[in-house]
file run_23.cif (mmCIF, C-alpha atoms)
data_data
#
loop_
_atom_site.label_atom_id
_atom_site.label_comp_id
_atom_site.auth_asym_id
_atom_site.auth_seq_id
_atom_site.Cartn_x
_atom_site.Cartn_y
_atom_site.Cartn_z
CA MET M 1 -19.28 30.42 10.49
CA LEU M 2 -22.05 32.65 9.10
CA THR M 3 -24.68 29.94 9.47
CA THR M 4 -23.69 29.50 13.12
CA LEU M 5 -24.03 33.25 13.63
CA PHE M 6 -27.45 33.27 11.96
CA ASP M 7 -28.55 30.38 14.17
CA ALA M 8 -27.46 32.22 17.30
CA VAL M 9 -29.33 35.38 16.23
CA MET M 10 -32.52 33.50 15.38
CA GLU M 11 -32.44 31.43 18.58
CA ARG M 12 -31.95 34.56 20.69
CA ARG M 13 -34.79 36.29 18.89
CA ALA M 14 -37.06 33.25 19.35
CA ARG M 15 -36.32 33.12 23.07
CA GLN M 16 -37.00 36.84 23.45
CA LEU M 17 -40.35 36.46 21.71
CA MET M 18 -41.35 33.40 23.71
CA GLU M 19 -40.61 35.14 26.99
CA GLN M 20 -42.72 38.12 25.90
CA VAL M 21 -45.80 35.95 25.28
CA ARG M 22 -45.15 32.96 27.54
CA ALA M 23 -47.83 33.90 30.08
CA TRP M 24 -50.51 33.58 27.38
CA LEU M 25 -49.50 30.22 25.95
CA PRO M 26 -51.94 27.39 26.76
CA ALA M 27 -51.14 24.38 28.90
CA GLU M 28 -52.00 22.03 26.03
CA GLY M 29 -51.84 22.13 22.26
CA PRO M 30 -52.13 22.03 19.43
CA VAL M 31 -50.93 25.56 18.74
CA LEU M 32 -50.92 27.07 15.25
CA ASP M 33 -47.89 29.15 14.25
CA LEU M 34 -49.27 31.10 11.30
CA GLY M 35 -46.37 32.66 9.41
CA SER M 36 -43.81 30.39 11.06
CA GLY M 37 -40.79 31.52 9.00
CA THR M 38 -37.59 29.71 9.95
CA GLY M 39 -39.38 27.66 12.61
CA HIS M 40 -37.22 28.76 15.53
CA VAL M 41 -40.11 30.00 17.69
CA SER M 42 -42.18 26.86 17.16
CA ASP M 43 -39.18 24.63 17.81
CA LEU M 44 -38.42 26.42 21.07
CA ILE M 45 -42.03 26.21 22.27
CA GLN M 46 -42.20 22.51 21.46
CA HIS M 47 -38.94 21.62 23.18
CA GLU M 48 -39.22 23.85 26.26
CA LEU M 49 -42.96 23.75 26.92
CA GLY M 50 -43.84 20.41 25.35
CA LEU M 51 -46.65 21.88 23.25
CA ASP M 52 -47.58 20.40 19.90
CA VAL M 53 -47.16 23.18 17.31
CA VAL M 54 -48.47 23.12 13.74
CA THR M 55 -46.59 25.49 11.42
CA ALA M 56 -48.07 27.19 8.37
CA ASP M 57 -46.70 29.76 5.94
CA VAL M 58 -47.00 30.97 2.35
CA SER M 59 -43.48 29.73 1.56
CA ASP M 60 -41.08 27.21 3.07
CA ILE M 61 -38.01 28.82 4.62
CA HIS M 62 -37.89 26.59 7.69
CA ILE M 63 -34.51 25.82 9.23
CA VAL M 64 -35.60 23.80 12.27
CA GLY M 65 -38.61 21.59 12.82
CA PRO M 66 -40.93 20.12 10.20
CA ALA M 67 -41.80 21.90 6.98
CA PRO M 68 -44.84 24.18 7.27
CA ILE M 69 -48.22 23.61 5.72
CA LEU M 70 -48.13 25.81 2.64
CA ILE M 71 -51.09 28.17 2.44
CA ALA M 72 -52.27 31.05 0.28
CA ASP M 73 -54.51 34.01 1.03
CA GLY M 74 -57.94 32.69 1.91
CA VAL M 75 -59.42 29.89 4.00
CA LEU M 76 -57.14 27.87 6.26
CA PRO M 77 -57.35 24.09 5.73
CA CYS M 78 -58.47 23.52 9.32
CA GLU M 79 -61.74 22.84 11.15
CA ASP M 80 -63.30 25.41 13.47
CA ASN M 81 -61.75 25.58 16.97
CA THR M 82 -58.92 23.21 16.08
CA PHE M 83 -56.16 25.04 17.99
CA SER M 84 -55.77 26.02 21.62
CA ALA M 85 -53.93 29.17 20.50
CA THR M 86 -52.67 30.77 17.30
CA LEU M 87 -49.42 32.71 16.97
CA LEU M 88 -49.20 35.65 14.55
CA PHE M 89 -45.66 36.98 14.86
CA PHE M 90 -44.62 39.92 12.65
CA MET M 91 -46.83 38.81 9.77
CA LEU M 92 -49.75 41.27 9.48
CA ALA M 93 -47.62 43.61 7.37
CA TYR M 94 -47.54 41.15 4.47
CA PRO M 95 -50.98 39.72 3.50
CA LYS M 96 -53.20 41.51 1.02
CA ASP M 97 -56.13 41.33 3.46
CA PRO M 98 -54.93 41.20 7.08
CA GLY M 99 -58.52 41.37 8.29
CA ALA M 100 -59.29 38.09 6.54
CA VAL M 101 -56.21 36.51 8.14
CA LEU M 102 -57.38 37.62 11.59
CA THR M 103 -60.90 36.34 10.95
CA GLU M 104 -59.59 32.95 9.84
CA ALA M 105 -57.28 32.77 12.84
CA ALA M 106 -60.27 33.41 15.11
CA ARG M 107 -62.30 30.72 13.35
CA VAL M 108 -59.76 27.94 13.87
CA THR M 109 -58.77 28.96 17.43
CA ARG M 110 -60.62 28.11 20.63
CA GLY M 111 -58.23 30.06 22.88
CA PRO M 112 -56.14 33.22 22.58
CA ILE M 113 -54.73 34.62 19.37
CA ILE M 114 -51.24 35.79 20.31
CA LEU M 115 -50.06 38.59 18.06
CA VAL M 116 -46.67 40.29 18.00
CA GLN M 117 -46.22 43.34 15.79
CA SER M 118 -43.87 46.31 15.56
CA LEU M 119 -45.66 49.64 16.02
CA TYR M 120 -44.28 53.09 15.31
CA SER M 121 -45.16 56.67 16.15
CA GLY M 122 -43.81 59.81 14.50
CA ARG M 123 -41.33 60.29 11.68
CA VAL M 124 -38.33 58.93 13.55
CA GLY M 125 -40.21 55.78 14.53
CA TYR M 126 -41.45 55.29 10.98
CA ALA M 127 -37.98 55.69 9.45
CA TRP M 128 -36.42 53.31 11.98
CA HIS M 129 -39.25 50.81 11.46
CA ARG M 130 -38.67 50.80 7.71
CA LEU M 131 -34.94 50.27 8.22
CA ARG M 132 -35.52 47.35 10.60
CA GLU M 133 -38.01 45.84 8.20
CA PHE M 134 -35.49 46.01 5.36
CA VAL M 135 -32.73 44.44 7.48
CA TRP M 136 -34.90 41.67 8.98
CA THR M 137 -36.77 40.77 5.77
CA ILE M 138 -35.25 41.64 2.42
CA ALA M 139 -31.58 41.76 3.41
CA ALA M 140 -31.79 38.85 5.86
CA PHE M 141 -33.58 36.60 3.36
CA HIS M 142 -31.21 37.20 0.47
CA VAL M 143 -28.08 36.90 2.59
CA SER M 144 -29.47 33.71 4.14
CA LYS M 145 -30.14 32.26 0.72
CA LEU M 146 -26.70 33.30 -0.56
CA ILE M 147 -24.88 31.45 2.24
CA GLY M 148 -27.19 28.44 2.10
CA TYR M 149 -28.91 29.07 5.42
CA VAL M 150 -32.39 28.79 3.90
CA PRO M 151 -33.26 26.31 1.13
CA ALA M 152 -31.95 27.26 -2.31
CA ASP M 153 -35.46 27.02 -3.78
CA ALA M 154 -37.03 29.21 -1.08
CA THR M 155 -39.31 31.93 -2.45
CA PHE M 156 -39.31 35.44 -1.02
CA ALA M 157 -42.89 36.21 0.08
CA MET M 158 -42.45 38.94 2.71
CA HIS M 159 -43.50 41.92 0.60
CA THR M 160 -44.26 44.65 3.12
CA ARG M 161 -47.63 46.25 2.39
CA ARG M 162 -48.14 48.32 5.54
CA PHE M 163 -46.54 49.74 8.69
CA TYR M 164 -48.79 49.99 11.72
CA THR M 165 -49.26 52.64 14.35
CA ASP M 166 -50.96 51.56 17.57
CA GLU M 167 -54.21 53.20 16.50
CA GLU M 168 -54.16 51.56 13.06
CA LEU M 169 -53.59 48.12 14.53
CA ARG M 170 -56.42 48.60 17.02
CA ARG M 171 -58.77 49.52 14.18
CA GLU M 172 -57.70 46.39 12.28
CA LEU M 173 -58.36 44.18 15.28
CA HIS M 174 -61.70 45.84 16.04
CA ALA M 175 -62.86 45.36 12.44
CA ALA M 176 -62.06 41.64 12.75
CA GLY M 177 -64.12 41.40 15.95
CA LEU M 178 -61.13 40.83 18.22
CA ARG M 179 -60.45 42.37 21.61
CA ILE M 180 -57.19 42.88 23.46
CA VAL M 181 -57.24 41.19 26.86
CA SER M 182 -53.56 41.63 27.70
CA ARG M 183 -50.53 43.45 26.34
CA ARG M 184 -46.77 43.46 26.85
CA GLU M 185 -44.36 45.81 25.09
CA ARG M 186 -40.66 45.81 24.41
CA ARG M 187 -39.46 49.30 23.57
CA VAL M 188 -37.02 49.65 20.69
CA LEU M 189 -36.82 53.46 20.73
CA PRO M 190 -37.45 55.93 23.59
CA ARG M 191 -40.86 57.59 24.06
CA ARG M 192 -42.58 54.64 22.36
CA ARG M 193 -41.48 55.80 18.91
CA LEU M 194 -41.00 52.13 18.07
CA VAL M 195 -42.19 49.18 20.16
CA VAL M 196 -42.58 45.46 19.70
CA ALA M 197 -46.09 44.91 21.02
CA GLY M 198 -47.29 41.51 22.18
CA LEU M 199 -51.08 41.18 22.39
CA ALA M 200 -53.36 38.45 23.66
CA LEU M 201 -56.58 38.60 21.61
CA VAL M 202 -59.92 36.86 21.86
CA PRO M 203 -63.27 37.19 20.07
CA PRO M 204 -65.87 39.32 21.90
CA SER M 205 -67.73 36.22 23.12
CA LEU M 206 -64.62 35.11 25.01
CA ALA M 207 -63.23 38.51 25.96
CA VAL M 208 -63.46 38.11 29.72
CA ARG M 209 -60.21 38.93 31.48
CA ASP M 210 -58.57 35.70 32.54
CA PRO M 211 -55.60 35.71 34.95
CA SER M 212 -54.00 32.96 32.86
CA TYR M 213 -53.35 35.54 30.14
CA GLY M 214 -51.09 37.54 32.46
CA GLY M 215 -51.27 41.24 33.20
CA GLN M 216 -50.50 44.18 31.02
CA GLY M 217 -47.02 45.60 31.22
CA ASN M 218 -43.94 46.86 29.45
CA ASP M 219 -40.51 45.35 29.31
#
call {"tool": "encode", "arguments": {"input": "run_23.cif", "output": "structure tokens"}}
result
Amino acid sequence: MLTTLFDAVMERRARQLMEQVRAWLPAEGPVLDLGSGTGHVSDLIQHELGLDVVTADVSDIHIVGPAPILIADGVLPCEDNTFSATLLFFMLAYPKDPGAVLTEAARVTRGPIILVQSLYSGRVGYAWHRLREFVWTIAAFHVSKLIGYVPADATFAMHTRRFYTDEELRRELHAAGLRIVSRRERRVLPRRRLVVAGLALVPPSLAVRDPSYGGQGND
């Protein structure tokens, strides 16, 4: 019963995320899902859009799809320009050096880097962001492991090191040499106190607005 409920929640979340970034996904793969987690987003993209998706993460907690390539902080085991796009969904809060992750993502990607990250403003947004992070990471992982939803030997690796404001994320992206070419937001709290921001990013050499990335907008 609980595993069915968890599946329904994760599938709904994956569909919501895919619809937010769908306009930026390439027509052909392979696509890298860096920080693929349970695998629900990758599985949905593969089955609905027919794209080949390679998953990679620092630990294996996949529920659907193939096991991810296990990686550590540092160089990705991939050649330059291997992927037509790279997905970075809710993962910049965890690595020791997010700038290095962004730089590596840019190195192995010949198309857009598609980033989704929660952004807060003000005290209320920060408090709500921390609560959501606790529920969706620490609590969700340990409950999932307790009921057998994730593998029994799965290692918890989502140690939150930072919470981003819009300005802080922009500085991070600028330092990594990336530019935002399109943006879509889903508001969690009124007055943009907490939003789930989807961003299409490219290196400066490719940062020419392309209609295939879709327009900016808010949901």
call {"tool": "closest_residue", "arguments": {"input": "run_23.cif", "among": "M:Arg13, M:Arg161, M:Arg22, M:His47", "to": "Tyr94 of chain M", "atoms": "all atoms listed in the file"}}
result
M:Arg161
call {"tool": "resolve_selection", "arguments": {"input": "run_23.cif", "expression": "the PyMOL selection byres ((chain M and resi 61) around 9)", "output": "mmCIF file with C-alpha atoms, keeping the file's coordinate frame"}}
result
data_model
loop_
_atom_site.group_PDB
_atom_site.id
_atom_site.type_symbol
_atom_site.label_atom_id
_atom_site.label_comp_id
_atom_site.auth_asym_id
_atom_site.auth_seq_id
_atom_site.Cartn_x
_atom_site.Cartn_y
_atom_site.Cartn_z
ATOM 1 C CA SER M 36 -43.810 30.390 11.060
ATOM 2 C CA GLY M 37 -40.790 31.520 9.000
ATOM 3 C CA THR M 38 -37.590 29.710 9.950
ATOM 4 C CA GLY M 39 -39.380 27.660 12.610
ATOM 5 C CA ASP M 57 -46.700 29.760 5.940
ATOM 6 C CA SER M 59 -43.480 29.730 1.560
ATOM 7 C CA ASP M 60 -41.080 27.210 3.070
ATOM 8 C CA HIS M 62 -37.890 26.590 7.690
ATOM 9 C CA ILE M 63 -34.510 25.820 9.230
ATOM 10 C CA ALA M 67 -41.800 21.900 6.980
ATOM 11 C CA PRO M 68 -44.840 24.180 7.270
ATOM 12 C CA VAL M 150 -32.390 28.790 3.900
ATOM 13 C CA PRO M 151 -33.260 26.310 1.130
ATOM 14 C CA ASP M 153 -35.460 27.020 -3.780
ATOM 15 C CA ALA M 154 -37.030 29.210 -1.080
ATOM 16 C CA THR M 155 -39.310 31.930 -2.450
ATOM 17 C CA PHE M 156 -39.310 35.440 -1.020
#
call {"tool": "atom_distance", "arguments": {"input": "run_23.cif", "atom1": "atom CA of Lys145 of chain M", "atom2": "atom CA of Asp73 of chain M"}}
result
24.4 Å
call {"tool": "resolve_selection", "arguments": {"input": "run_23.cif", "expression": "the PyMOL selection byres ((chain M and resi 164-179) around 8)", "output": "number ranges by chain"}}
result
M: 93, 98-100, 102-103, 118-121, 162-163, 180-181, 201-204, 207
call {"tool": "write_last_selection", "arguments": {"input": "run_23.cif", "atoms": "C-alpha atoms", "output": "compact mmCIF listing (two decimals), keeping the file's coordinate frame"}}
result
# COMPACT_ATOMS: atom_id res chain seq x y z
CA ALA M 93 -47.62 43.61 7.37
CA PRO M 98 -54.93 41.20 7.08
CA GLY M 99 -58.52 41.37 8.29
CA ALA M 100 -59.29 38.09 6.54
CA LEU M 102 -57.38 37.62 11.59
CA THR M 103 -60.90 36.34 10.95
CA SER M 118 -43.87 46.31 15.56
CA LEU M 119 -45.66 49.64 16.02
CA TYR M 120 -44.28 53.09 15.31
CA SER M 121 -45.16 56.67 16.15
CA ARG M 162 -48.14 48.32 5.54
CA PHE M 163 -46.54 49.74 8.69
CA ILE M 180 -57.19 42.88 23.46
CA VAL M 181 -57.24 41.19 26.86
CA LEU M 201 -56.58 38.60 21.61
CA VAL M 202 -59.92 36.86 21.86
CA PRO M 203 -63.27 37.19 20.07
CA PRO M 204 -65.87 39.32 21.90
CA ALA M 207 -63.23 38.51 25.96
call {"tool": "atom_distance", "arguments": {"input": "run_23.cif", "atom1": "atom CA of Val196 of chain M", "atom2": "atom CA of Gly65 of chain M"}}
result
25.2 Å
call {"tool": "resolve_selection", "arguments": {"input": "run_23.cif", "expression": "the PyMOL selection byres ((chain M and resi 30) around 12)", "output": "ChimeraX atom specification"}}
result
/M:25-29,31-33,42,45-46,49-55,81-87,108-111
call {"tool": "write_last_selection", "arguments": {"input": "run_23.cif", "atoms": "C-alpha atoms", "output": "JSON list (two decimals), in the frame of the given file"}}
result
[["chain", "number", "residue", "atom", "x", "y", "z"],
["M", 25, "LEU", "CA", -49.50, 30.22, 25.95],
["M", 26, "PRO", "CA", -51.94, 27.39, 26.76],
["M", 27, "ALA", "CA", -51.14, 24.38, 28.90],
["M", 28, "GLU", "CA", -52.00, 22.03, 26.03],
["M", 29, "GLY", "CA", -51.84, 22.13, 22.26],
["M", 31, "VAL", "CA", -50.93, 25.56, 18.74],
["M", 32, "LEU", "CA", -50.92, 27.07, 15.25],
["M", 33, "ASP", "CA", -47.89, 29.15, 14.25],
["M", 42, "SER", "CA", -42.18, 26.86, 17.16],
["M", 45, "ILE", "CA", -42.03, 26.21, 22.27],
["M", 46, "GLN", "CA", -42.20, 22.51, 21.46],
["M", 49, "LEU", "CA", -42.96, 23.75, 26.92],
["M", 50, "GLY", "CA", -43.84, 20.41, 25.35],
["M", 51, "LEU", "CA", -46.65, 21.88, 23.25],
["M", 52, "ASP", "CA", -47.58, 20.40, 19.90],
["M", 53, "VAL", "CA", -47.16, 23.18, 17.31],
["M", 54, "VAL", "CA", -48.47, 23.12, 13.74],
["M", 55, "THR", "CA", -46.59, 25.49, 11.42],
["M", 81, "ASN", "CA", -61.75, 25.58, 16.97],
["M", 82, "THR", "CA", -58.92, 23.21, 16.08],
["M", 83, "PHE", "CA", -56.16, 25.04, 17.99],
["M", 84, "SER", "CA", -55.77, 26.02, 21.62],
["M", 85, "ALA", "CA", -53.93, 29.17, 20.50],
["M", 86, "THR", "CA", -52.67, 30.77, 17.30],
["M", 87, "LEU", "CA", -49.42, 32.71, 16.97],
["M", 108, "VAL", "CA", -59.76, 27.94, 13.87],
["M", 109, "THR", "CA", -58.77, 28.96, 17.43],
["M", 110, "ARG", "CA", -60.62, 28.11, 20.63],
["M", 111, "GLY", "CA", -58.23, 30.06, 22.88]]
call {"tool": "build_atoms", "arguments": {"input": "run_23.cif", "residues": "segment 134-169 of chain M", "atoms": "N, CA and C atoms", "output": "PDB file, in the coordinates of the input"}}
result
ATOM      1  N   PHE M 134     -36.391  46.352   6.472  1.00  0.00           N
ATOM      2  CA  PHE M 134     -35.490  46.010   5.360  1.00  0.00           C
ATOM      3  C   PHE M 134     -34.413  45.027   5.821  1.00  0.00           C
ATOM      4  N   VAL M 135     -33.821  45.291   6.991  1.00  0.00           N
ATOM      5  CA  VAL M 135     -32.730  44.440   7.480  1.00  0.00           C
ATOM      6  C   VAL M 135     -33.240  43.044   7.810  1.00  0.00           C
ATOM      7  N   TRP M 136     -34.404  42.953   8.515  1.00  0.00           N
ATOM      8  CA  TRP M 136     -34.900  41.670   8.980  1.00  0.00           C
ATOM      9  C   TRP M 136     -35.653  40.873   7.923  1.00  0.00           C
ATOM     10  N   THR M 137     -36.016  41.493   6.806  1.00  0.00           N
ATOM     11  CA  THR M 137     -36.770  40.770   5.770  1.00  0.00           C
ATOM     12  C   THR M 137     -35.964  40.642   4.491  1.00  0.00           C
ATOM     13  N   ILE M 138     -35.893  41.715   3.738  1.00  0.00           N
ATOM     14  CA  ILE M 138     -35.250  41.640   2.420  1.00  0.00           C
ATOM     15  C   ILE M 138     -33.784  41.260   2.539  1.00  0.00           C
ATOM     16  N   ALA M 139     -33.014  42.028   3.302  1.00  0.00           N
ATOM     17  CA  ALA M 139     -31.580  41.760   3.410  1.00  0.00           C
ATOM     18  C   ALA M 139     -31.323  40.398   4.052  1.00  0.00           C
ATOM     19  N   ALA M 140     -32.020  40.112   5.153  1.00  0.00           N
ATOM     20  CA  ALA M 140     -31.790  38.850   5.860  1.00  0.00           C
ATOM     21  C   ALA M 140     -32.114  37.652   4.974  1.00  0.00           C
ATOM     22  N   PHE M 141     -33.210  37.725   4.220  1.00  0.00           N
ATOM     23  CA  PHE M 141     -33.580  36.600   3.360  1.00  0.00           C
ATOM     24  C   PHE M 141     -32.535  36.352   2.291  1.00  0.00           C
ATOM     25  N   HIS M 142     -32.128  37.401   1.587  1.00  0.00           N
ATOM     26  CA  HIS M 142     -31.210  37.200   0.470  1.00  0.00           C
ATOM     27  C   HIS M 142     -29.813  36.800   0.931  1.00  0.00           C
ATOM     28  N   VAL M 143     -29.368  37.336   2.046  1.00  0.00           N
ATOM     29  CA  VAL M 143     -28.080  36.900   2.590  1.00  0.00           C
ATOM     30  C   VAL M 143     -28.166  35.444   3.034  1.00  0.00           C
ATOM     31  N   SER M 144     -29.280  35.086   3.688  1.00  0.00           N
ATOM     32  CA  SER M 144     -29.470  33.710   4.140  1.00  0.00           C
ATOM     33  C   SER M 144     -29.468  32.727   2.978  1.00  0.00           C
ATOM     34  N   LYS M 145     -30.092  33.130   1.898  1.00  0.00           N
ATOM     35  CA  LYS M 145     -30.140  32.260   0.720  1.00  0.00           C
ATOM     36  C   LYS M 145     -28.761  32.166   0.069  1.00  0.00           C
ATOM     37  N   LEU M 146     -28.031  33.270   0.055  1.00  0.00           N
ATOM     38  CA  LEU M 146     -26.700  33.300  -0.560  1.00  0.00           C
ATOM     39  C   LEU M 146     -25.739  32.362   0.158  1.00  0.00           C
ATOM     40  N   ILE M 147     -25.813  32.291   1.480  1.00  0.00           N
ATOM     41  CA  ILE M 147     -24.880  31.450   2.240  1.00  0.00           C
ATOM     42  C   ILE M 147     -25.427  30.048   2.486  1.00  0.00           C
ATOM     43  N   GLY M 148     -26.630  29.776   1.962  1.00  0.00           N
ATOM     44  CA  GLY M 148     -27.190  28.440   2.100  1.00  0.00           C
ATOM     45  C   GLY M 148     -27.887  28.196   3.429  1.00  0.00           C
ATOM     46  N   TYR M 149     -28.231  29.244   4.130  1.00  0.00           N
ATOM     47  CA  TYR M 149     -28.910  29.070   5.420  1.00  0.00           C
ATOM     48  C   TYR M 149     -30.359  28.658   5.235  1.00  0.00           C
ATOM     49  N   VAL M 150     -31.039  29.224   4.248  1.00  0.00           N
ATOM     50  CA  VAL M 150     -32.390  28.790   3.900  1.00  0.00           C
ATOM     51  C   VAL M 150     -32.306  27.987   2.609  1.00  0.00           C
ATOM     52  N   PRO M 151     -33.314  27.149   2.329  1.00  0.00           N
ATOM     53  CA  PRO M 151     -33.260  26.310   1.130  1.00  0.00           C
ATOM     54  C   PRO M 151     -33.037  27.132  -0.142  1.00  0.00           C
ATOM     55  N   ALA M 152     -32.286  26.562  -1.073  1.00  0.00           N
ATOM     56  CA  ALA M 152     -31.950  27.260  -2.310  1.00  0.00           C
ATOM     57  C   ALA M 152     -33.185  27.592  -3.145  1.00  0.00           C
ATOM     58  N   ASP M 153     -34.240  26.784  -2.999  1.00  0.00           N
ATOM     59  CA  ASP M 153     -35.460  27.020  -3.780  1.00  0.00           C
ATOM     60  C   ASP M 153     -36.490  27.845  -3.023  1.00  0.00           C
ATOM     61  N   ALA M 154     -36.095  28.403  -1.867  1.00  0.00           N
ATOM     62  CA  ALA M 154     -37.030  29.210  -1.080  1.00  0.00           C
ATOM     63  C   ALA M 154     -37.454  30.446  -1.856  1.00  0.00           C
ATOM     64  N   THR M 155     -38.738  30.778  -1.741  1.00  0.00           N
ATOM     65  CA  THR M 155     -39.310  31.930  -2.450  1.00  0.00           C
ATOM     66  C   THR M 155     -39.526  33.077  -1.473  1.00  0.00           C
ATOM     67  N   PHE M 156     -39.101  34.259  -1.862  1.00  0.00           N
ATOM     68  CA  PHE M 156     -39.310  35.440  -1.020  1.00  0.00           C
ATOM     69  C   PHE M 156     -40.774  35.863  -1.102  1.00  0.00           C
ATOM     70  N   ALA M 157     -41.453  35.890   0.049  1.00  0.00           N
ATOM     71  CA  ALA M 157     -42.890  36.210   0.080  1.00  0.00           C
ATOM     72  C   ALA M 157     -43.218  37.335   1.044  1.00  0.00           C
ATOM     73  N   MET M 158     -42.199  37.929   1.666  1.00  0.00           N
ATOM     74  CA  MET M 158     -42.450  38.940   2.710  1.00  0.00           C
ATOM     75  C   MET M 158     -42.426  40.348   2.115  1.00  0.00           C
ATOM     76  N   HIS M 159     -43.382  40.608   1.238  1.00  0.00           N
ATOM     77  CA  HIS M 159     -43.500  41.920   0.600  1.00  0.00           C
ATOM     78  C   HIS M 159     -44.296  42.831   1.546  1.00  0.00           C
ATOM     79  N   THR M 160     -43.635  43.807   2.117  1.00  0.00           N
ATOM     80  CA  THR M 160     -44.260  44.650   3.120  1.00  0.00           C
ATOM     81  C   THR M 160     -45.302  45.569   2.479  1.00  0.00           C
ATOM     82  N   ARG M 161     -46.535  45.454   2.934  1.00  0.00           N
ATOM     83  CA  ARG M 161     -47.630  46.250   2.390  1.00  0.00           C
ATOM     84  C   ARG M 161     -48.072  47.376   3.315  1.00  0.00           C
ATOM     85  N   ARG M 162     -47.664  47.301   4.604  1.00  0.00           N
ATOM     86  CA  ARG M 162     -48.140  48.320   5.540  1.00  0.00           C
ATOM     87  C   ARG M 162     -47.232  48.372   6.770  1.00  0.00           C
ATOM     88  N   PHE M 163     -47.213  49.538   7.416  1.00  0.00           N
ATOM     89  CA  PHE M 163     -46.540  49.740   8.690  1.00  0.00           C
ATOM     90  C   PHE M 163     -47.588  50.275   9.653  1.00  0.00           C
ATOM     91  N   TYR M 164     -47.707  49.664  10.807  1.00  0.00           N
ATOM     92  CA  TYR M 164     -48.790  49.990  11.720  1.00  0.00           C
ATOM     93  C   TYR M 164     -48.384  50.979  12.809  1.00  0.00           C
ATOM     94  N   THR M 165     -49.286  51.917  13.086  1.00  0.00           N
ATOM     95  CA  THR M 165     -49.260  52.640  14.350  1.00  0.00           C
ATOM     96  C   THR M 165     -50.150  51.866  15.321  1.00  0.00           C
ATOM     97  N   ASP M 166     -50.109  52.226  16.587  1.00  0.00           N
ATOM     98  CA  ASP M 166     -50.960  51.560  17.570  1.00  0.00           C
ATOM     99  C   ASP M 166     -52.431  51.724  17.215  1.00  0.00           C
ATOM    100  N   GLU M 167     -52.811  52.932  16.832  1.00  0.00           N
ATOM    101  CA  GLU M 167     -54.210  53.200  16.500  1.00  0.00           C
ATOM    102  C   GLU M 167     -54.653  52.393  15.279  1.00  0.00           C
ATOM    103  N   GLU M 168     -53.802  52.305  14.270  1.00  0.00           N
ATOM    104  CA  GLU M 168     -54.160  51.560  13.060  1.00  0.00           C
ATOM    105  C   GLU M 168     -54.321  50.076  13.353  1.00  0.00           C
ATOM    106  N   LEU M 169     -53.456  49.528  14.190  1.00  0.00           N
ATOM    107  CA  LEU M 169     -53.590  48.120  14.530  1.00  0.00           C
ATOM    108  C   LEU M 169     -54.867  47.871  15.319  1.00  0.00           C
TER     109      LEU M 169
END
